[in-house]
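Student: data.txt is the file, holding compact mmCIF, N, CA and C atoms:
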# COMPACT_ATOMS: atom_id res chain seq x y z
N MET A 161 243.17 115.45 193.95
CA MET A 161 243.20 114.29 193.10
C MET A 161 244.19 114.50 191.95
N LYS A 162 244.23 115.73 191.41
CA LYS A 162 245.15 116.01 190.31
C LYS A 162 246.61 115.94 190.77
N LEU A 163 246.88 116.42 191.97
CA LEU A 163 248.24 116.36 192.49
C LEU A 163 248.66 114.90 192.70
N LEU A 164 247.76 114.09 193.23
CA LEU A 164 248.06 112.67 193.40
C LEU A 164 248.33 112.01 192.04
N GLY A 165 247.53 112.34 191.05
CA GLY A 165 247.74 111.80 189.71
C GLY A 165 249.07 112.23 189.12
N LEU A 166 249.43 113.50 189.30
CA LEU A 166 250.70 114.00 188.79
C LEU A 166 251.88 113.29 189.47
N LEU A 167 251.79 113.12 190.78
CA LEU A 167 252.85 112.40 191.50
C LEU A 167 252.94 110.95 191.03
N LEU A 168 251.81 110.35 190.76
CA LEU A 168 251.79 108.98 190.28
C LEU A 168 252.42 108.87 188.88
N VAL A 169 252.14 109.84 188.01
CA VAL A 169 252.78 109.86 186.68
C VAL A 169 254.29 109.92 186.82
N LEU A 170 254.76 110.85 187.61
CA LEU A 170 256.21 110.99 187.78
C LEU A 170 256.82 109.76 188.42
N GLY A 171 256.17 109.24 189.46
CA GLY A 171 256.70 108.06 190.15
C GLY A 171 256.75 106.85 189.24
N CYS A 172 255.71 106.62 188.49
CA CYS A 172 255.70 105.46 187.59
C CYS A 172 256.70 105.62 186.46
N THR A 173 256.82 106.81 185.92
CA THR A 173 257.77 107.03 184.83
C THR A 173 259.20 106.84 185.31
N ILE A 174 259.55 107.51 186.38
CA ILE A 174 260.92 107.39 186.90
C ILE A 174 261.18 105.99 187.42
N GLY A 175 260.22 105.44 188.16
CA GLY A 175 260.38 104.07 188.68
C GLY A 175 260.52 103.05 187.56
N GLY A 176 259.72 103.19 186.52
CA GLY A 176 259.82 102.27 185.39
C GLY A 176 261.14 102.38 184.67
N LEU A 177 261.63 103.61 184.51
CA LEU A 177 262.93 103.78 183.86
C LEU A 177 264.06 103.19 184.70
N ILE A 178 264.00 103.37 186.01
CA ILE A 178 265.01 102.78 186.89
C ILE A 178 264.94 101.26 186.81
N MET A 179 263.72 100.72 186.81
CA MET A 179 263.57 99.27 186.71
C MET A 179 264.16 98.75 185.40
N THR A 180 263.90 99.44 184.32
CA THR A 180 264.38 98.98 183.02
C THR A 180 265.89 99.11 182.92
N ALA A 181 266.44 100.19 183.43
CA ALA A 181 267.87 100.44 183.26
C ALA A 181 268.74 99.67 184.25
N GLY A 182 268.35 99.60 185.52
CA GLY A 182 269.27 99.05 186.50
C GLY A 182 268.82 97.84 187.27
N PHE A 183 267.61 97.77 187.63
CA PHE A 183 267.14 96.72 188.51
C PHE A 183 266.26 95.69 187.79
N GLU A 184 266.41 95.59 186.47
CA GLU A 184 265.53 94.73 185.69
C GLU A 184 265.63 93.26 186.12
N LYS A 185 266.85 92.78 186.38
CA LYS A 185 266.99 91.37 186.76
C LYS A 185 266.33 91.10 188.11
N ALA A 186 266.54 91.99 189.06
CA ALA A 186 265.93 91.80 190.38
C ALA A 186 264.41 91.91 190.28
N MET A 187 263.94 92.89 189.54
CA MET A 187 262.50 93.06 189.40
C MET A 187 261.89 91.90 188.61
N HIS A 188 262.67 91.38 187.66
CA HIS A 188 262.15 90.26 186.88
C HIS A 188 261.98 89.03 187.76
N LEU A 189 262.89 88.83 188.69
CA LEU A 189 262.75 87.70 189.61
C LEU A 189 261.53 87.88 190.50
N LEU A 190 261.30 89.13 190.94
CA LEU A 190 260.16 89.40 191.81
C LEU A 190 258.82 89.31 191.06
N THR A 191 258.86 89.68 189.81
CA THR A 191 257.60 89.75 189.06
C THR A 191 257.52 88.70 187.96
N ALA A 192 258.26 87.61 188.08
CA ALA A 192 258.30 86.61 187.02
C ALA A 192 256.92 86.04 186.73
N ASN A 193 256.10 85.89 187.73
CA ASN A 193 254.77 85.33 187.50
C ASN A 193 253.72 86.40 187.20
N ILE A 194 253.99 87.63 187.61
CA ILE A 194 252.99 88.68 187.44
C ILE A 194 253.21 89.44 186.14
N LEU A 195 254.40 89.92 185.93
CA LEU A 195 254.72 90.70 184.73
C LEU A 195 255.92 90.09 184.02
N PRO A 196 255.75 88.97 183.34
CA PRO A 196 256.91 88.29 182.77
C PRO A 196 257.58 89.04 181.63
N ALA A 197 256.87 89.87 180.91
CA ALA A 197 257.45 90.53 179.75
C ALA A 197 257.64 92.01 180.02
N ALA A 198 258.87 92.44 180.08
CA ALA A 198 259.22 93.86 180.18
C ALA A 198 258.47 94.59 181.28
N PRO A 199 258.74 94.29 182.54
CA PRO A 199 257.98 94.91 183.63
C PRO A 199 258.13 96.43 183.68
N GLY A 200 259.29 96.94 183.38
CA GLY A 200 259.48 98.39 183.44
C GLY A 200 258.61 99.13 182.43
N GLU A 201 258.54 98.59 181.23
CA GLU A 201 257.74 99.23 180.20
C GLU A 201 256.25 99.19 180.54
N ILE A 202 255.83 98.09 181.11
CA ILE A 202 254.42 97.98 181.49
C ILE A 202 254.08 98.98 182.59
N VAL A 203 254.98 99.15 183.55
CA VAL A 203 254.76 100.12 184.62
C VAL A 203 254.68 101.53 184.04
N ILE A 204 255.57 101.84 183.10
CA ILE A 204 255.55 103.17 182.49
C ILE A 204 254.23 103.42 181.77
N ILE A 205 253.86 102.50 180.90
CA ILE A 205 252.68 102.71 180.07
C ILE A 205 251.40 102.74 180.90
N LEU A 206 251.19 101.71 181.71
CA LEU A 206 249.95 101.67 182.50
C LEU A 206 249.92 102.74 183.57
N GLY A 207 251.06 102.98 184.21
CA GLY A 207 251.10 104.01 185.24
C GLY A 207 250.80 105.38 184.69
N CYS A 208 251.39 105.71 183.55
CA CYS A 208 251.13 107.01 182.93
C CYS A 208 249.68 107.12 182.45
N ALA A 209 249.15 106.05 181.90
CA ALA A 209 247.77 106.10 181.42
C ALA A 209 246.79 106.31 182.58
N VAL A 210 246.95 105.55 183.64
CA VAL A 210 246.06 105.68 184.79
C VAL A 210 246.23 107.04 185.45
N SER A 211 247.47 107.48 185.57
CA SER A 211 247.73 108.77 186.20
C SER A 211 247.18 109.92 185.38
N ALA A 212 247.36 109.87 184.07
CA ALA A 212 246.82 110.92 183.21
C ALA A 212 245.29 110.94 183.28
N PHE A 213 244.69 109.77 183.37
CA PHE A 213 243.24 109.69 183.53
C PHE A 213 242.82 110.35 184.84
N MET A 214 243.59 110.11 185.90
CA MET A 214 243.26 110.71 187.19
C MET A 214 243.41 112.23 187.16
N ILE A 215 244.42 112.71 186.44
CA ILE A 215 244.63 114.16 186.34
C ILE A 215 243.50 114.81 185.54
N ALA A 216 243.08 114.15 184.47
CA ALA A 216 242.13 114.76 183.54
C ALA A 216 240.69 114.73 184.03
N ASN A 217 240.36 113.88 185.00
CA ASN A 217 238.97 113.73 185.42
C ASN A 217 238.78 114.06 186.88
N SER A 218 237.55 114.45 187.20
CA SER A 218 237.21 114.71 188.60
C SER A 218 237.02 113.38 189.32
N SER A 219 236.96 113.44 190.64
CA SER A 219 236.77 112.20 191.41
C SER A 219 235.42 111.55 191.09
N ASP A 220 234.40 112.37 190.82
CA ASP A 220 233.10 111.80 190.43
C ASP A 220 233.20 111.08 189.09
N GLY A 221 233.93 111.67 188.16
CA GLY A 221 234.12 111.02 186.86
C GLY A 221 234.86 109.71 186.97
N ILE A 222 235.85 109.67 187.84
CA ILE A 222 236.62 108.43 188.05
C ILE A 222 235.73 107.36 188.67
N LYS A 223 234.91 107.77 189.65
CA LYS A 223 233.99 106.81 190.28
C LYS A 223 232.99 106.26 189.27
N GLN A 224 232.46 107.13 188.41
CA GLN A 224 231.50 106.67 187.40
C GLN A 224 232.16 105.72 186.40
N THR A 225 233.40 106.00 186.05
CA THR A 225 234.12 105.12 185.13
C THR A 225 234.32 103.75 185.74
N MET A 226 234.72 103.71 187.00
CA MET A 226 234.91 102.42 187.67
C MET A 226 233.59 101.66 187.78
N LYS A 227 232.51 102.42 187.96
CA LYS A 227 231.19 101.80 188.07
C LYS A 227 230.81 101.08 186.77
N TYR A 228 231.20 101.64 185.63
CA TYR A 228 230.81 101.07 184.35
C TYR A 228 231.83 100.11 183.76
N PHE A 229 232.88 99.78 184.47
CA PHE A 229 233.85 98.80 183.98
C PHE A 229 233.22 97.42 183.79
N GLY A 230 232.20 97.13 184.56
CA GLY A 230 231.51 95.85 184.43
C GLY A 230 230.86 95.67 183.06
N ALA A 231 230.52 96.78 182.42
CA ALA A 231 229.89 96.70 181.10
C ALA A 231 230.84 96.14 180.05
N LEU A 232 232.13 96.21 180.31
CA LEU A 232 233.10 95.67 179.36
C LEU A 232 233.04 94.16 179.27
N THR A 233 232.59 93.52 180.33
CA THR A 233 232.55 92.06 180.34
C THR A 233 231.20 91.50 179.89
N LYS A 234 230.21 92.36 179.72
CA LYS A 234 228.90 91.90 179.29
C LYS A 234 228.90 91.63 177.79
N PRO A 235 228.10 90.68 177.34
CA PRO A 235 228.03 90.43 175.90
C PRO A 235 227.34 91.59 175.18
N SER A 236 227.60 91.71 173.91
CA SER A 236 227.02 92.78 173.11
C SER A 236 225.51 92.64 173.01
N ALA A 237 224.83 93.76 172.95
CA ALA A 237 223.37 93.74 172.82
C ALA A 237 222.96 93.36 171.40
N TYR A 238 223.88 93.46 170.45
CA TYR A 238 223.58 93.19 169.05
C TYR A 238 224.40 92.01 168.56
N SER A 239 223.78 91.20 167.72
CA SER A 239 224.46 90.03 167.17
C SER A 239 224.96 90.33 165.76
N LYS A 240 225.65 89.38 165.20
CA LYS A 240 226.15 89.52 163.83
C LYS A 240 224.97 89.68 162.86
N ASP A 241 223.90 88.96 163.10
CA ASP A 241 222.72 89.06 162.23
C ASP A 241 222.10 90.46 162.28
N ASP A 242 222.14 91.11 163.44
CA ASP A 242 221.62 92.47 163.56
C ASP A 242 222.43 93.44 162.70
N TYR A 243 223.75 93.28 162.71
CA TYR A 243 224.59 94.14 161.89
C TYR A 243 224.40 93.87 160.40
N ILE A 244 224.24 92.61 160.05
CA ILE A 244 224.00 92.27 158.64
C ILE A 244 222.67 92.88 158.19
N GLU A 245 221.66 92.82 159.04
CA GLU A 245 220.38 93.42 158.70
C GLU A 245 220.50 94.94 158.57
N LEU A 246 221.28 95.57 159.43
CA LEU A 246 221.50 97.01 159.33
C LEU A 246 222.13 97.37 158.00
N PHE A 247 223.16 96.64 157.60
CA PHE A 247 223.80 96.91 156.31
C PHE A 247 222.85 96.64 155.15
N SER A 248 221.98 95.66 155.30
CA SER A 248 220.99 95.38 154.26
C SER A 248 220.00 96.54 154.14
N VAL A 249 219.58 97.09 155.27
CA VAL A 249 218.68 98.25 155.26
C VAL A 249 219.36 99.42 154.56
N LEU A 250 220.59 99.70 154.94
CA LEU A 250 221.30 100.82 154.33
C LEU A 250 221.50 100.61 152.83
N PHE A 251 221.83 99.37 152.43
CA PHE A 251 221.99 99.07 151.01
C PHE A 251 220.68 99.32 150.27
N THR A 252 219.57 98.87 150.85
CA THR A 252 218.27 99.04 150.21
C THR A 252 217.90 100.52 150.09
N ILE A 253 218.19 101.29 151.13
CA ILE A 253 217.91 102.73 151.10
C ILE A 253 218.72 103.40 150.00
N PHE A 254 220.01 103.12 149.95
CA PHE A 254 220.85 103.77 148.94
C PHE A 254 220.52 103.30 147.53
N LYS A 255 220.14 102.05 147.39
CA LYS A 255 219.74 101.54 146.07
C LYS A 255 218.48 102.26 145.59
N LEU A 256 217.50 102.43 146.48
CA LEU A 256 216.28 103.15 146.13
C LEU A 256 216.59 104.60 145.78
N ALA A 257 217.46 105.23 146.55
CA ALA A 257 217.82 106.62 146.28
C ALA A 257 218.53 106.75 144.94
N ARG A 258 219.36 105.77 144.61
CA ARG A 258 220.10 105.84 143.35
C ARG A 258 219.18 105.60 142.15
N THR A 259 218.24 104.67 142.28
CA THR A 259 217.40 104.33 141.14
C THR A 259 216.21 105.28 140.98
N LYS A 260 215.57 105.68 142.07
CA LYS A 260 214.36 106.50 141.96
C LYS A 260 214.53 107.92 142.49
N GLY A 261 215.68 108.22 143.06
CA GLY A 261 215.92 109.55 143.58
C GLY A 261 215.65 109.64 145.07
N TRP A 262 216.20 110.70 145.68
CA TRP A 262 216.10 110.87 147.12
C TRP A 262 214.67 111.15 147.58
N LEU A 263 213.86 111.75 146.71
CA LEU A 263 212.48 112.05 147.10
C LEU A 263 211.65 110.78 147.26
N ALA A 264 212.06 109.70 146.63
CA ALA A 264 211.33 108.43 146.78
C ALA A 264 211.45 107.89 148.20
N LEU A 265 212.44 108.34 148.93
CA LEU A 265 212.65 107.88 150.31
C LEU A 265 211.74 108.58 151.31
N GLU A 266 211.18 109.72 150.92
CA GLU A 266 210.46 110.54 151.89
C GLU A 266 209.33 109.80 152.59
N SER A 267 208.52 109.07 151.85
CA SER A 267 207.39 108.38 152.48
C SER A 267 207.87 107.29 153.44
N HIS A 268 208.99 106.67 153.13
CA HIS A 268 209.54 105.63 154.00
C HIS A 268 210.13 106.23 155.28
N ILE A 269 210.80 107.36 155.12
CA ILE A 269 211.45 108.01 156.26
C ILE A 269 210.42 108.66 157.19
N GLU A 270 209.38 109.25 156.61
CA GLU A 270 208.37 109.94 157.41
C GLU A 270 207.52 108.98 158.23
N ASN A 271 207.27 107.79 157.71
CA ASN A 271 206.42 106.83 158.42
C ASN A 271 207.05 105.44 158.33
N PRO A 272 208.12 105.19 159.09
CA PRO A 272 208.86 103.93 158.94
C PRO A 272 208.09 102.70 159.41
N HIS A 273 207.12 102.86 160.30
CA HIS A 273 206.39 101.69 160.81
C HIS A 273 205.41 101.13 159.78
N GLU A 274 205.00 101.96 158.82
CA GLU A 274 204.09 101.49 157.77
C GLU A 274 204.80 101.35 156.43
N SER A 275 206.10 101.50 156.42
CA SER A 275 206.88 101.46 155.19
C SER A 275 207.12 100.03 154.71
N ASP A 276 206.98 99.84 153.40
CA ASP A 276 207.31 98.53 152.81
C ASP A 276 208.81 98.29 152.86
N LEU A 277 209.58 99.35 152.69
CA LEU A 277 211.04 99.22 152.71
C LEU A 277 211.51 98.71 154.07
N PHE A 278 211.08 99.34 155.14
CA PHE A 278 211.50 98.91 156.47
C PHE A 278 210.76 97.64 156.90
N GLY A 279 209.59 97.37 156.30
CA GLY A 279 208.84 96.17 156.63
C GLY A 279 209.57 94.89 156.24
N GLN A 280 210.49 94.99 155.29
CA GLN A 280 211.29 93.83 154.89
C GLN A 280 212.24 93.40 156.00
N PHE A 281 212.53 94.31 156.91
CA PHE A 281 213.52 94.07 157.95
C PHE A 281 212.85 94.24 159.31
N GLN A 282 212.24 93.17 159.79
CA GLN A 282 211.42 93.24 161.00
C GLN A 282 212.21 93.59 162.25
N THR A 283 213.38 92.99 162.42
CA THR A 283 214.19 93.28 163.61
C THR A 283 214.57 94.75 163.63
N PHE A 284 214.99 95.27 162.50
CA PHE A 284 215.36 96.67 162.40
C PHE A 284 214.16 97.57 162.64
N GLN A 285 213.02 97.20 162.08
CA GLN A 285 211.82 98.03 162.21
C GLN A 285 211.34 98.13 163.66
N HIS A 286 211.61 97.11 164.45
CA HIS A 286 211.18 97.13 165.85
C HIS A 286 212.24 97.70 166.80
N ASN A 287 213.39 98.08 166.27
CA ASN A 287 214.45 98.69 167.08
C ASN A 287 214.28 100.21 167.02
N HIS A 288 213.72 100.77 168.07
CA HIS A 288 213.41 102.21 168.10
C HIS A 288 214.65 103.07 167.85
N HIS A 289 215.75 102.76 168.52
CA HIS A 289 216.95 103.59 168.40
C HIS A 289 217.52 103.56 166.99
N ALA A 290 217.51 102.40 166.36
CA ALA A 290 218.02 102.30 165.00
C ALA A 290 217.13 103.07 164.03
N LEU A 291 215.82 102.97 164.19
CA LEU A 291 214.91 103.70 163.32
C LEU A 291 215.07 105.21 163.47
N VAL A 292 215.17 105.66 164.70
CA VAL A 292 215.35 107.10 164.94
C VAL A 292 216.66 107.57 164.32
N PHE A 293 217.70 106.77 164.46
CA PHE A 293 219.00 107.17 163.91
C PHE A 293 218.93 107.28 162.39
N VAL A 294 218.38 106.29 161.73
CA VAL A 294 218.33 106.30 160.26
C VAL A 294 217.35 107.34 159.75
N CYS A 295 216.20 107.47 160.37
CA CYS A 295 215.16 108.35 159.85
C CYS A 295 215.34 109.82 160.25
N ASP A 296 215.90 110.08 161.40
CA ASP A 296 216.00 111.47 161.87
C ASP A 296 217.36 112.10 161.66
N TYR A 297 218.39 111.29 161.47
CA TYR A 297 219.71 111.86 161.30
C TYR A 297 220.21 111.58 159.92
Translate the structure of the given file into structure tokens.

Tutor:
Amino acid sequence: MKLLGLLLVLGCTIGGLIMTAGFEKAMHLLTANILPAAPGEIVIILGCAVSAFMIANSSDGIKQTMKYFGALTKPSAYSKDDYIELFSVLFTIFKLARTKGWLALESHIENPHESDLFGQFQTFQHNHHALVFVCDY
């Protein structure tokens, strides 16, 4: 797989340079609908990126990456309101630490489900991963 990736890097780089330097008009006519802007440069950049990825990863890693490409098209699990609430939680934590000291946070951090501080933010309080991140790290 690494040899194939290396050959692909060299082929795309040299092929892209030849396309840019000498055969750009012919290639532009062939690729006018597919790659209208600078076809040689696109071949160089994408070809080298894909080839370097193939060289750097095992075939299992490449298969797993292709498997998870669908996740790029899925909507985010968190909304703008979730992020605003997260920043509000962090602001409240830092404000409490600044006014009453870091030890005032201990009771909230040790038992976040019964905390008044986290109780103000219901969505955050019910998000296990967010609570673990803020309280344990």

Student: Determine the nearest neighbour of Asn217 in chain A from the options A:Lys162, A:Val203, A:Tyr243, A:Ala264, counting only N, CA and C atoms.

Tutor: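 Answer, going by the shortest atom-to-atom distance: A:Lys162.
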
Student: Show me, as a list in words, the residues that have an atom within 8 Å of Val169 in chain A when counting only N, CA and C atoms, minus same-chain residues fewer than 4 positions from it.

Tutor: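 Listing them by chain and then by number gives Leu163, Leu164, Gly165, Thr173, Ile174, Gly175, Gly207, Cys208, Ala209, Val210, Ser211 and Ala212 of chain A.
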
Student: Which residues are near Ile244 in chain A? Cut-off 12 Å, only C-alpha atoms, ignore same chain within fewer than 5 positions. Put them as a PyMOL selection string.

Tutor: chain A and resi 238-239+249-251+281+283-284

Student: Let me see the file: selected residues, N, CA and C atoms, as an mmCIF file, keeping the file's coordinate frame.

Tutor:
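Result went into out-v1.cif, see below:
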data_model
loop_
_atom_site.group_PDB
_atom_site.id
_atom_site.type_symbol
_atom_site.label_atom_id
_atom_site.label_comp_id
_atom_site.auth_asym_id
_atom_site.auth_seq_id
_atom_site.Cartn_x
_atom_site.Cartn_y
_atom_site.Cartn_z
ATOM 1 N N TYR A 238 223.880 93.460 170.450
ATOM 2 C CA TYR A 238 223.580 93.190 169.050
ATOM 3 C C TYR A 238 224.400 92.010 168.560
ATOM 4 N N SER A 239 223.780 91.200 167.720
ATOM 5 C CA SER A 239 224.460 90.030 167.170
ATOM 6 C C SER A 239 224.960 90.330 165.760
ATOM 7 N N VAL A 249 219.580 97.090 155.270
ATOM 8 C CA VAL A 249 218.680 98.250 155.260
ATOM 9 C C VAL A 249 219.360 99.420 154.560
ATOM 10 N N LEU A 250 220.590 99.700 154.940
ATOM 11 C CA LEU A 250 221.300 100.820 154.330
ATOM 12 C C LEU A 250 221.500 100.610 152.830
ATOM 13 N N PHE A 251 221.830 99.370 152.430
ATOM 14 C CA PHE A 251 221.990 99.070 151.010
ATOM 15 C C PHE A 251 220.680 99.320 150.270
ATOM 16 N N PHE A 281 212.530 94.310 156.910
ATOM 17 C CA PHE A 281 213.520 94.070 157.950
ATOM 18 C C PHE A 281 212.850 94.240 159.310
ATOM 19 N N THR A 283 213.380 92.990 162.420
ATOM 20 C CA THR A 283 214.190 93.280 163.610
ATOM 21 C C THR A 283 214.570 94.750 163.630
ATOM 22 N N PHE A 284 214.990 95.270 162.500
ATOM 23 C CA PHE A 284 215.360 96.670 162.400
ATOM 24 C C PHE A 284 214.160 97.570 162.640
#

Student: From a DSSP pass on the backbone, collect the residues of range 191-270 of chain A flagged as helix (DSSP H, G or I) and hand them back as a short mmCIF file (atom, residue, chain, number, x, y, z; two decimals) with N, CA and C atoms, keeping the file's coordinate frame.

Tutor:
data_model
loop_
_atom_site.label_atom_id
_atom_site.label_comp_id
_atom_site.auth_asym_id
_atom_site.auth_seq_id
_atom_site.Cartn_x
_atom_site.Cartn_y
_atom_site.Cartn_z
N PRO A 199 258.74 94.29 182.54
CA PRO A 199 257.98 94.91 183.63
C PRO A 199 258.13 96.43 183.68
N GLY A 200 259.29 96.94 183.38
CA GLY A 200 259.48 98.39 183.44
C GLY A 200 258.61 99.13 182.43
N GLU A 201 258.54 98.59 181.23
CA GLU A 201 257.74 99.23 180.20
C GLU A 201 256.25 99.19 180.54
N ILE A 202 255.83 98.09 181.11
CA ILE A 202 254.42 97.98 181.49
C ILE A 202 254.08 98.98 182.59
N VAL A 203 254.98 99.15 183.55
CA VAL A 203 254.76 100.12 184.62
C VAL A 203 254.68 101.53 184.04
N ILE A 204 255.57 101.84 183.10
CA ILE A 204 255.55 103.17 182.49
C ILE A 204 254.23 103.42 181.77
N ILE A 205 253.86 102.50 180.90
CA ILE A 205 252.68 102.71 180.07
C ILE A 205 251.40 102.74 180.90
N LEU A 206 251.19 101.71 181.71
CA LEU A 206 249.95 101.67 182.50
C LEU A 206 249.92 102.74 183.57
N GLY A 207 251.06 102.98 184.21
CA GLY A 207 251.10 104.01 185.24
C GLY A 207 250.80 105.38 184.69
N CYS A 208 251.39 105.71 183.55
CA CYS A 208 251.13 107.01 182.93
C CYS A 208 249.68 107.12 182.45
N ALA A 209 249.15 106.05 181.90
CA ALA A 209 247.77 106.10 181.42
C ALA A 209 246.79 106.31 182.58
N VAL A 210 246.95 105.55 183.64
CA VAL A 210 246.06 105.68 184.79
C VAL A 210 246.23 107.04 185.45
N SER A 211 247.47 107.48 185.57
CA SER A 211 247.73 108.77 186.20
C SER A 211 247.18 109.92 185.38
N ALA A 212 247.36 109.87 184.07
CA ALA A 212 246.82 110.92 183.21
C ALA A 212 245.29 110.94 183.28
N PHE A 213 244.69 109.77 183.37
CA PHE A 213 243.24 109.69 183.53
C PHE A 213 242.82 110.35 184.84
N MET A 214 243.59 110.11 185.90
CA MET A 214 243.26 110.71 187.19
C MET A 214 243.41 112.23 187.16
N ILE A 215 244.42 112.71 186.44
CA ILE A 215 244.63 114.16 186.34
C ILE A 215 243.50 114.81 185.54
N ALA A 216 243.08 114.15 184.47
CA ALA A 216 242.13 114.76 183.54
C ALA A 216 240.69 114.73 184.03
N SER A 219 236.96 113.44 190.64
CA SER A 219 236.77 112.20 191.41
C SER A 219 235.42 111.55 191.09
N ASP A 220 234.40 112.37 190.82
CA ASP A 220 233.10 111.80 190.43
C ASP A 220 233.20 111.08 189.09
N GLY A 221 233.93 111.67 188.16
CA GLY A 221 234.12 111.02 186.86
C GLY A 221 234.86 109.71 186.97
N ILE A 222 235.85 109.67 187.84
CA ILE A 222 236.62 108.43 188.05
C ILE A 222 235.73 107.36 188.67
N LYS A 223 234.91 107.77 189.65
CA LYS A 223 233.99 106.81 190.28
C LYS A 223 232.99 106.26 189.27
N GLN A 224 232.46 107.13 188.41
CA GLN A 224 231.50 106.67 187.40
C GLN A 224 232.16 105.72 186.40
N THR A 225 233.40 106.00 186.05
CA THR A 225 234.12 105.12 185.13
C THR A 225 234.32 103.75 185.74
N MET A 226 234.72 103.71 187.00
CA MET A 226 234.91 102.42 187.67
C MET A 226 233.59 101.66 187.78
N LYS A 227 232.51 102.42 187.96
CA LYS A 227 231.19 101.80 188.07
C LYS A 227 230.81 101.08 186.77
N TYR A 228 231.20 101.64 185.63
CA TYR A 228 230.81 101.07 184.35
C TYR A 228 231.83 100.11 183.76
N PHE A 229 232.88 99.78 184.47
CA PHE A 229 233.85 98.80 183.98
C PHE A 229 233.22 97.42 183.79
N GLY A 230 232.20 97.13 184.56
CA GLY A 230 231.51 95.85 184.43
C GLY A 230 230.86 95.67 183.06
N ALA A 231 230.52 96.78 182.42
CA ALA A 231 229.89 96.70 181.10
C ALA A 231 230.84 96.14 180.05
N LEU A 232 232.13 96.21 180.31
CA LEU A 232 233.10 95.67 179.36
C LEU A 232 233.04 94.16 179.27
N THR A 233 232.59 93.52 180.33
CA THR A 233 232.55 92.06 180.34
C THR A 233 231.20 91.50 179.89
N LYS A 240 225.65 89.38 165.20
CA LYS A 240 226.15 89.52 163.83
C LYS A 240 224.97 89.68 162.86
N ASP A 241 223.90 88.96 163.10
CA ASP A 241 222.72 89.06 162.23
C ASP A 241 222.10 90.46 162.28
N ASP A 242 222.14 91.11 163.44
CA ASP A 242 221.62 92.47 163.56
C ASP A 242 222.43 93.44 162.70
N TYR A 243 223.75 93.28 162.71
CA TYR A 243 224.59 94.14 161.89
C TYR A 243 224.40 93.87 160.40
N ILE A 244 224.24 92.61 160.05
CA ILE A 244 224.00 92.27 158.64
C ILE A 244 222.67 92.88 158.19
N GLU A 245 221.66 92.82 159.04
CA GLU A 245 220.38 93.42 158.70
C GLU A 245 220.50 94.94 158.57
N LEU A 246 221.28 95.57 159.43
CA LEU A 246 221.50 97.01 159.33
C LEU A 246 222.13 97.37 158.00
N PHE A 247 223.16 96.64 157.60
CA PHE A 247 223.80 96.91 156.31
C PHE A 247 222.85 96.64 155.15
N SER A 248 221.98 95.66 155.30
CA SER A 248 220.99 95.38 154.26
C SER A 248 220.00 96.54 154.14
N VAL A 249 219.58 97.09 155.27
CA VAL A 249 218.68 98.25 155.26
C VAL A 249 219.36 99.42 154.56
N LEU A 250 220.59 99.70 154.94
CA LEU A 250 221.30 100.82 154.33
C LEU A 250 221.50 100.61 152.83
N PHE A 251 221.83 99.37 152.43
CA PHE A 251 221.99 99.07 151.01
C PHE A 251 220.68 99.32 150.27
N THR A 252 219.57 98.87 150.85
CA THR A 252 218.27 99.04 150.21
C THR A 252 217.90 100.52 150.09
N ILE A 253 218.19 101.29 151.13
CA ILE A 253 217.91 102.73 151.10
C ILE A 253 218.72 103.40 150.00
N PHE A 254 220.01 103.12 149.95
CA PHE A 254 220.85 103.77 148.94
C PHE A 254 220.52 103.30 147.53
N LYS A 255 220.14 102.05 147.39
CA LYS A 255 219.74 101.54 146.07
C LYS A 255 218.48 102.26 145.59
N LEU A 256 217.50 102.43 146.48
CA LEU A 256 216.28 103.15 146.13
C LEU A 256 216.59 104.60 145.78
N ALA A 257 217.46 105.23 146.55
CA ALA A 257 217.82 106.62 146.28
C ALA A 257 218.53 106.75 144.94
N ARG A 258 219.36 105.77 144.61
CA ARG A 258 220.10 105.84 143.35
C ARG A 258 219.18 105.60 142.15
N THR A 259 218.24 104.67 142.28
CA THR A 259 217.40 104.33 141.14
C THR A 259 216.21 105.28 140.98
N LYS A 260 215.57 105.68 142.07
CA LYS A 260 214.36 106.50 141.96
C LYS A 260 214.53 107.92 142.49
N TRP A 262 216.20 110.70 145.68
CA TRP A 262 216.10 110.87 147.12
C TRP A 262 214.67 111.15 147.58
N LEU A 263 213.86 111.75 146.71
CA LEU A 263 212.48 112.05 147.10
C LEU A 263 211.65 110.78 147.26
N ALA A 264 212.06 109.70 146.63
CA ALA A 264 211.33 108.43 146.78
C ALA A 264 211.45 107.89 148.20
N LEU A 265 212.44 108.34 148.93
CA LEU A 265 212.65 107.88 150.31
C LEU A 265 211.74 108.58 151.31
N GLU A 266 211.18 109.72 150.92
CA GLU A 266 210.46 110.54 151.89
C GLU A 266 209.33 109.80 152.59
N SER A 267 208.52 109.07 151.85
CA SER A 267 207.39 108.38 152.48
C SER A 267 207.87 107.29 153.44
N HIS A 268 208.99 106.67 153.13
CA HIS A 268 209.54 105.63 154.00
C HIS A 268 210.13 106.23 155.28
N ILE A 269 210.80 107.36 155.12
CA ILE A 269 211.45 108.01 156.26
C ILE A 269 210.42 108.66 157.19
N GLU A 270 209.38 109.25 156.61
CA GLU A 270 208.37 109.94 157.41
C GLU A 270 207.52 108.98 158.23
#

Student: Using only C-alpha atoms, find the one residue out of A:Ile205, A:Ile215, A:Leu256, A:Ala290 that sits nearest to Pro272 in chain A.

Tutor: A:Ala290

Student: So how far away is CA of His273 in chain A from CA of Gln285 in chain A, in Å?

Tutor: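 Separation of CA of Gln285 in chain A and CA of His273 in chain A: 6.7 Å.
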
Student: Interatomic distance between atom C of Ala237 in chain A and atom N of His286 in chain A?

Tutor: 13.8 Å

Student: Would you mind reading off the distance between CA of Phe254 in chain A and CA of Leu277 in chain A, one decimal, in Å?

Tutor: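 Taking CA of Phe254 in chain A and CA of Leu277 in chain A, their separation equals 11.5 Å.
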
Student: So which one's closest to Val294 in chain A, A:Ile269, A:Gln280, A:Asp241, A:Thr259? Using only N, CA and C atoms, please.

Tutor: A:Ile269

Student: From the list A:Ile253, A:Gly176, A:Ser275, A:Asn287, which residue is nearest Ile202 in chain A when using all atoms listed in the file?

Tutor: A:Gly176
